[in-house]
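K.L.:
Mind having a look at this structure? Questions to follow.
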Amino acid sequence: MAGEVVAESKLKAGFIANFLQFVRWPGNPARPTVVCGVGAERNGDALDHLQESIARDSLPRVKRIRSLHEISGCQAVFLEAGQVGLLPPLVEANAGRPVLIITDFEGGAPLGATLSFVATGGGRLGFDINHAAAQAAGLSINTRLLQLARRVY
Amino acid sequence: MIPLRRSLRCLGLVLASVAGSPWAESGRQGATPMLEDLLEMRVSSAARRLQTPAEAPSMVKVITAGEIHRLGWRTLGEALASLPGLHTSYDRSYTYLGVRGFGRPGDFTSRVLLLVDGQPINDGIYDQAPIGSEFPVDMSLVERIEFVPGAGSVMYGGNALLAVINVVTRSGAGLGKRLQVGVGQGGASSLGVSAGWRDDAGNDGLLAATRERSRGHDLYFESYQAAGANAWSRGLDHEANDRFFAQFRRGGFAASLILHDRTKGLPGGSFGIDLNTPGSRVRDRRMHAHASYDHQISTATGVHGQAYAMEVLYNGEWMYSAVSQPDGMVARGFGGEASVTTTALSGHTLLAGISLRRDTERRQFSASLNSNTPRSAIGIFVQDDIALVDRVILSAGLRYDEVRAGTNYQYLSPRLALIMQAGPNTVVKAISGTAFRPPNAYETDYAFTGTNIANPALRSERNRTDELGVVHEFGGDSSLSGSLYRTRIRDLISIERDPTTNLQQHHNVGRVDARGIELEASSRIGIVSVRGGLSWQRVRHEGGADVANTPAQLAKLVLDAPMPGGLRLGWESHYVGTRTTDSGLVGTTGVRIGGYGVSHATLTGNMGRDTEWQFRLHNVFDRAYGNVVGSEYNTNFPGVQQSPMTQMPQDRRRVSATLRWTF
């Protein structure tokens, strides 16, 4: 039976909240404290929902940034679909640093993002993982997440 | 994992819907139920369609692995028959798919392109899309089925005349080691073993083998009924299937090998064979090898390449006057495709590619035939999805094909589609496209002394389809989609039986015009998921005759209900409306026969953590009904048949059960 129908932004927020739980950062604490979103601010987007979800929790703070200059202090970065062009400089600038990069567009993972959303048909969402990039960044990805990915690079 | 649950609980509407959903309580226990649930959810189509234009220029339907499992579907055809506008016909040798009412009996579903993970499965001689038990991949290995109706030649060339079916196989991750045994009425037994794994480096593998045997059922054929005549067919409905599947994936690379060996007894007296003489059977062996690679060059541009090889061997034993007449084919070929997709140009998603196929051997042989006509085909295609204004996409595609098989054919297949987001939850699509199909080697070359004669002068079929579709999402989990279409096929190729000589030959029979309306609704009522489809269709020949085997209406109902005690009930009901039998001539309307309704139920449960059982009741209400067969069942040779045989009786109520252990 076809699954439930939900707004895309809410579904993505749910995924991101999961991702943050299944990745361990080096050092102590092994959880991120600041998650940054790069993109145009729109009411009701994935970051809004992520913010809502963690506002009442002890999870990281969500911070919206406009450009890569504001990136210092971000342990996880979510690149919106419109920010495709920022991926190469983001990957380059953070080489070897423990920054989790999630892209809202397919093809991010093979180009160095840690995780990228993909459409898996019939309106469903999945994700690809670049495990090699995660390891190079010192991020440890839970096997469970690796098992559920569509592809692992 | 308490923090995970807590964080998700606060996720607003997503989580509210998860918490109240049967997905959350579907028996998955342990660390991470939520992520698995998220993977099952669907994005409301309005937003999605505009983001994935590759799906856009058609009214695509998707069937998922979960649905296949819970409804107990053992063949591709059973799954497809749940979609609006589709119906299957089984003549106890093969199963044929009717698309939007167009289902010529005995056409081997040659007007539908069947892909497994993108590789074509249709052989080079019959162009057969094997959708019944002749489908070479076990259904438990299917991740999802994508059904793309309409003229698909713009992307896929020949065969994609009425629809494209892409079967996506599952990855090895999460499969574990499995053993499955099954038994059923009619002497049915099955044994399956599979193993899947994925390591942390991303190497993903899957190996599976299944063996199925069935004695089948004794059948009584009224067409052979006469004083003193034996109208029973006993012990001839047997079937054997052996399947093997191996797959490896890593990152953008994937490779697979499919093997299938199927033998089916022929109980029905097609082509004038003896009705109740053991020995008549068909055997089909398939090998499909495939490799594909996806590579992302930049954030805007990706390339895709694939190569495949196939071998399809058919051997038939046909009993005439108790003497076996062998009949067979060897179809060998290989092919490949390369394409590039780029969004480098703002407002455009551009796809361009080239596809090649070479059928190196297309040999057909029998006592009266030995022909071999290799075929080669090349196609180049381009499609641009242009964001015209906000919320409106124009999808324009064009493909050029050249096919050489003794005769040279050239085709140009355009498609235009306008996709509009008409409201926050509504998408409207207007689609117009053309498609083609060159005559296949069976149609041009096949001959069998006494029954069939060749026709090398056949022309290609061409099709134009215009469609208007709407998808609307209601709040919650409900959606409604509708489609209004018209398909016109020129130079339709059909086997016809000459009334005086009784010989069969493929002819271009002129134009046919198919029109119809399809509606589909899906919703969740309490904890029960419901999907229903209704369609009305009419297919007429240019002279006004109704084309055989076109049901006036089709109705579908599919339910998936969690039950107390962790059980799960899958229920489906199908209604196939009145349709006409095959008169042997396309221009002559056959006899109109009444509709039928049939229901199947599947109950799934667990015994302990690693053992799952499934109990299936096929044809719950024990309805007697038949499927329309082609004129090959209508051959009065050598005079035993008393009246035209136009329908093949289908299975009555059957019970089957399977047990599955996961290690």
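As shown in the structure tokens, the chain order sets the letters A, B, ...; within each chain, residues go from 1, and ligands are also counted from 1 in the order they appear.
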In stretch 80-242 of chain B, what's alpha helix (DSSP H) per DSSP? Answer as a ChimeraX atom specification?
P.N.:
/B:80,153-156
K.L.:
Suppose we keep N, CA, C and O atoms; can you now write the selection as a JSON list (two decimals), in the first residue's frame?
P.N.:
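So the final result, stored in selection-v1.json, reads:
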[["chain", "number", "residue", "atom", "x", "y", "z"],
["B", 80, "LEU", "N", 0.75, -5.93, -11.43],
["B", 80, "LEU", "CA", 0.31, -4.93, -12.41],
["B", 80, "LEU", "C", -1.21, -4.87, -12.51],
["B", 80, "LEU", "O", -1.79, -3.81, -12.72],
["B", 153, "SER", "N", 8.33, 5.72, -26.92],
["B", 153, "SER", "CA", 9.43, 5.60, -27.87],
["B", 153, "SER", "C", 10.39, 6.78, -27.80],
["B", 153, "SER", "O", 11.55, 6.67, -28.17],
["B", 154, "VAL", "N", 9.92, 7.93, -27.32],
["B", 154, "VAL", "CA", 10.76, 9.13, -27.28],
["B", 154, "VAL", "C", 12.01, 8.91, -26.43],
["B", 154, "VAL", "O", 13.06, 9.49, -26.68],
["B", 155, "MET", "N", 11.90, 8.04, -25.43],
["B", 155, "MET", "CA", 13.06, 7.72, -24.60],
["B", 155, "MET", "C", 13.61, 6.33, -24.89],
["B", 155, "MET", "O", 14.78, 6.07, -24.72],
["B", 156, "TYR", "N", 12.74, 5.41, -25.32],
["B", 156, "TYR", "CA", 13.12, 4.00, -25.32],
["B", 156, "TYR", "C", 13.04, 3.30, -26.67],
["B", 156, "TYR", "O", 13.32, 2.12, -26.76]]
K.L.:
If you take only C-alpha atoms and a cut-off of 12 Å, which residues of stretch 70-169 of chain B touch stretch 120-138 of chain A, and what are their nearest atom pairs and distances in Å to one decimal, in chain and number order, as JSON lines?
P.N.:
{"residue": "B:Glu143", "atom": "CA", "partner": "A:Thr120", "partner_atom": "CA", "distance": 10.1}
{"residue": "B:Arg144", "atom": "CA", "partner": "A:Gly121", "partner_atom": "CA", "distance": 8.2}
{"residue": "B:Ile145", "atom": "CA", "partner": "A:Gly121", "partner_atom": "CA", "distance": 9.2}
{"residue": "B:Glu146", "atom": "CA", "partner": "A:Gly121", "partner_atom": "CA", "distance": 7.7}
{"residue": "B:Phe147", "atom": "CA", "partner": "A:Gly122", "partner_atom": "CA", "distance": 10.1}
{"residue": "B:Val148", "atom": "CA", "partner": "A:Gly122", "partner_atom": "CA", "distance": 11.3}
{"residue": "B:Asn166", "atom": "CA", "partner": "A:Gly121", "partner_atom": "CA", "distance": 10.9}
{"residue": "B:Val167", "atom": "CA", "partner": "A:Gly121", "partner_atom": "CA", "distance": 11.3}
{"residue": "B:Val168", "atom": "CA", "partner": "A:Gly121", "partner_atom": "CA", "distance": 9.9}
K.L.:
For the atom pair atom CA of B:Thr373 and atom CA of B:Ile125, what is the interatomic distance in Å to one decimal place?
P.N.:
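The value is 9.2 Å.
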K.L.:
Any idea what's packed within 8 Å of B:Asn452, counting only C-alpha atoms, ignoring anything in its chain fewer than 2 positions away? Could you give it as a PyMOL selection string?
P.N.:
chain B and resi 446-450+454+503-505
K.L.:
Run DSSP on the backbone and grab whatever in stretch 128-306 of chain B lands in strand (DSSP E); send it over as a VMD selection string.
P.N.:
chain B and resid 142 to 149 163 to 169 176 to 184 188 to 198 204 to 214 219 to 220 232 to 233 239 to 250 253 to 265 281 to 296 301 to 306
K.L.:
Next, write the just-selected residues to a file, as a short mmCIF file (atom, residue, chain, number, x, y, z; two decimals), in the first residue's frame, keeping C-alpha atoms as the atom set.
P.N.:
data_model
loop_
_atom_site.label_atom_id
_atom_site.label_comp_id
_atom_site.auth_asym_id
_atom_site.auth_seq_id
_atom_site.Cartn_x
_atom_site.Cartn_y
_atom_site.Cartn_z
CA VAL B 142 11.69 -6.61 -6.40
CA GLU B 143 12.11 -3.24 -4.69
CA ARG B 144 9.48 -1.50 -6.77
CA ILE B 145 7.65 -1.58 -10.09
CA GLU B 146 7.34 1.63 -12.08
CA PHE B 147 4.57 1.64 -14.63
CA VAL B 148 4.83 4.39 -17.23
CA PRO B 149 1.79 4.47 -19.53
CA ALA B 163 3.80 1.52 -21.86
CA VAL B 164 7.18 1.01 -20.22
CA ILE B 165 7.54 -1.15 -17.10
CA ASN B 166 10.70 -0.79 -15.08
CA VAL B 167 11.26 -3.35 -12.37
CA VAL B 168 13.83 -2.19 -9.83
CA THR B 169 15.47 -4.98 -7.85
CA GLY B 176 20.25 -11.28 5.54
CA LYS B 177 20.05 -14.99 4.82
CA ARG B 178 16.65 -16.37 4.02
CA LEU B 179 15.06 -19.71 3.42
CA GLN B 180 11.53 -19.95 2.10
CA VAL B 181 9.36 -22.98 1.50
CA GLY B 182 5.86 -23.06 0.08
CA VAL B 183 3.13 -25.54 -0.69
CA GLY B 184 -0.19 -25.17 -2.43
CA ALA B 188 2.53 -26.72 -5.94
CA SER B 189 5.77 -26.53 -4.02
CA SER B 190 8.54 -23.99 -3.85
CA LEU B 191 11.92 -23.63 -2.26
CA GLY B 192 13.93 -20.42 -2.17
CA VAL B 193 17.24 -19.41 -0.67
CA SER B 194 18.71 -15.95 -0.71
CA ALA B 195 21.50 -14.02 0.93
CA GLY B 196 22.25 -10.34 0.86
CA TRP B 197 24.83 -8.17 2.52
CA ARG B 198 26.43 -4.74 2.49
CA ASP B 204 26.51 -4.64 -1.74
CA GLY B 205 25.73 -8.14 -2.94
CA LEU B 206 22.75 -10.39 -3.38
CA LEU B 207 22.44 -14.06 -4.38
CA ALA B 208 19.14 -15.87 -4.73
CA ALA B 209 17.87 -19.14 -6.15
CA THR B 210 14.31 -20.41 -6.29
CA ARG B 211 12.71 -23.61 -7.48
CA GLU B 212 8.97 -23.97 -8.12
CA ARG B 213 7.04 -27.01 -9.21
CA SER B 214 3.35 -27.43 -9.85
CA LEU B 219 -9.46 -28.84 -17.14
CA TYR B 220 -12.65 -29.47 -19.00
CA TRP B 232 -10.90 -33.36 -20.49
CA SER B 233 -7.32 -32.29 -20.39
CA GLU B 239 4.83 -26.08 -14.60
CA ALA B 240 8.42 -25.89 -13.43
CA ASN B 241 10.48 -22.77 -12.74
CA ASP B 242 14.10 -22.44 -11.68
CA ARG B 243 15.45 -18.96 -11.15
CA PHE B 244 18.82 -17.57 -10.18
CA PHE B 245 19.74 -13.97 -9.49
CA ALA B 246 23.09 -12.45 -8.59
CA GLN B 247 23.84 -8.81 -8.12
CA PHE B 248 26.68 -6.58 -7.03
CA ARG B 249 26.53 -2.84 -6.42
CA ARG B 250 28.99 -0.30 -5.19
CA PHE B 253 28.26 0.76 -10.29
CA ALA B 254 25.86 -2.17 -10.56
CA ALA B 255 26.09 -5.58 -12.21
CA SER B 256 23.62 -8.43 -12.29
CA LEU B 257 23.01 -11.85 -13.76
CA ILE B 258 19.53 -13.34 -14.25
CA LEU B 259 18.91 -16.98 -15.16
CA HIS B 260 15.53 -18.60 -15.63
CA ASP B 261 14.41 -22.00 -16.88
CA ARG B 262 10.67 -22.53 -17.26
CA THR B 263 8.71 -25.47 -18.61
CA LYS B 264 4.96 -25.30 -18.98
CA GLY B 265 2.62 -28.00 -20.15
CA ARG B 281 4.90 -28.20 -23.62
CA VAL B 282 6.92 -25.03 -23.98
CA ARG B 283 10.30 -24.45 -22.41
CA ASP B 284 11.87 -20.99 -22.13
CA ARG B 285 15.37 -20.37 -20.89
CA ARG B 286 16.65 -16.88 -20.28
CA MET B 287 19.98 -15.33 -19.45
CA HIS B 288 20.31 -11.59 -18.88
CA ALA B 289 23.64 -10.06 -17.89
CA HIS B 290 23.83 -6.37 -17.13
CA ALA B 291 26.25 -3.72 -15.92
CA SER B 292 25.59 -0.04 -15.39
CA TYR B 293 27.49 2.95 -14.15
CA ASP B 294 26.36 6.36 -12.97
CA HIS B 295 28.93 9.07 -12.58
CA GLN B 296 28.48 12.61 -11.36
CA THR B 301 25.99 17.12 -14.77
CA GLY B 302 25.85 13.35 -14.50
CA VAL B 303 26.49 10.57 -16.98
CA HIS B 304 24.91 7.14 -17.17
CA GLY B 305 26.06 4.10 -19.08
CA GLN B 306 24.82 0.54 -19.31
#
K.L.:
Show which residues sit within 6 Å of B:Ala417, as a list in words. Count only C-alpha atoms, and ignore same-chain residues fewer than 2 positions away.
P.N.:
Pro57, Leu394, Ser395, Ala430 and Ile431 of chain B
K.L.:
Using only C-alpha atoms, which residue out of A:Val77, A:Ile71, A:Leu148, A:Leu100 lies closest to chain B?
P.N.:
A:Leu148
K.L.:
Which residue gives the smallest distance to B:Phe221 among B:Ile489, B:Met41, B:Ala173, B:Met645, with only C-alpha atoms counted?
P.N.:
B:Met645
K.L.:
So which residues touch A:Asn142 within 6 Å, counting only C-alpha atoms, skipping near sequence neighbours fewer than 2 positions away, as a PDB file with C-alpha atoms, in the first residue's frame?
P.N.:
ATOM      1  CA  PHE A  22      23.415   8.196  13.469  1.00  0.00           C
ATOM      2  CA  ARG A 144      22.347   1.051  10.341  1.00  0.00           C
ATOM      3  CA  LEU A 145      22.438   4.235   8.293  1.00  0.00           C
TER       4      LEU A 145
END
K.L.:
If you count only C-alpha atoms, which residues fall within 6 Å of B:Arg616, apart from same-chain ones fewer than 2 positions away, as a ChimeraX atom specification?
P.N.:
/B:601-602,655-656
K.L.:
Write the residues of the preceding selection, restricted to C-alpha atoms, as a short mmCIF file (atom, residue, chain, number, x, y, z; two decimals), in the first residue's frame.
P.N.:
data_model
loop_
_atom_site.label_atom_id
_atom_site.label_comp_id
_atom_site.auth_asym_id
_atom_site.auth_seq_id
_atom_site.Cartn_x
_atom_site.Cartn_y
_atom_site.Cartn_z
CA ALA B 601 -6.83 -12.70 0.25
CA THR B 602 -3.44 -13.00 1.91
CA VAL B 655 -4.98 -22.38 -1.04
CA SER B 656 -1.26 -21.90 -0.64
#
K.L.:
Neighbouring residues of B:Arg531 were defined as those with any atom within 12 Å, considering only C-alpha atoms; residues of the same chain fewer than 2 positions away were excluded. Please report them as a PyMOL selection string.
P.N.:
(chain A and resi 1-3) or (chain B and resi 63+67+82-84+477-481+519-525+528-529+533-534+555-561+570-574)
K.L.:
Go through B:Val620, B:Ala65, B:Leu115, B:Ala367 and flag the residue nearest chain A, using only C-alpha atoms for the distances.
P.N.:
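Of the candidates, the smallest distance to chain A is held by B:Ala65.
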K.L.:
Looking at A:Val35, A:Glu92, A:Arg64, A:Gln51, which one is nearest to chain B, with distances taken over only C-alpha atoms?
P.N.:
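Result for the nearest residue to chain B: A:Gln51.
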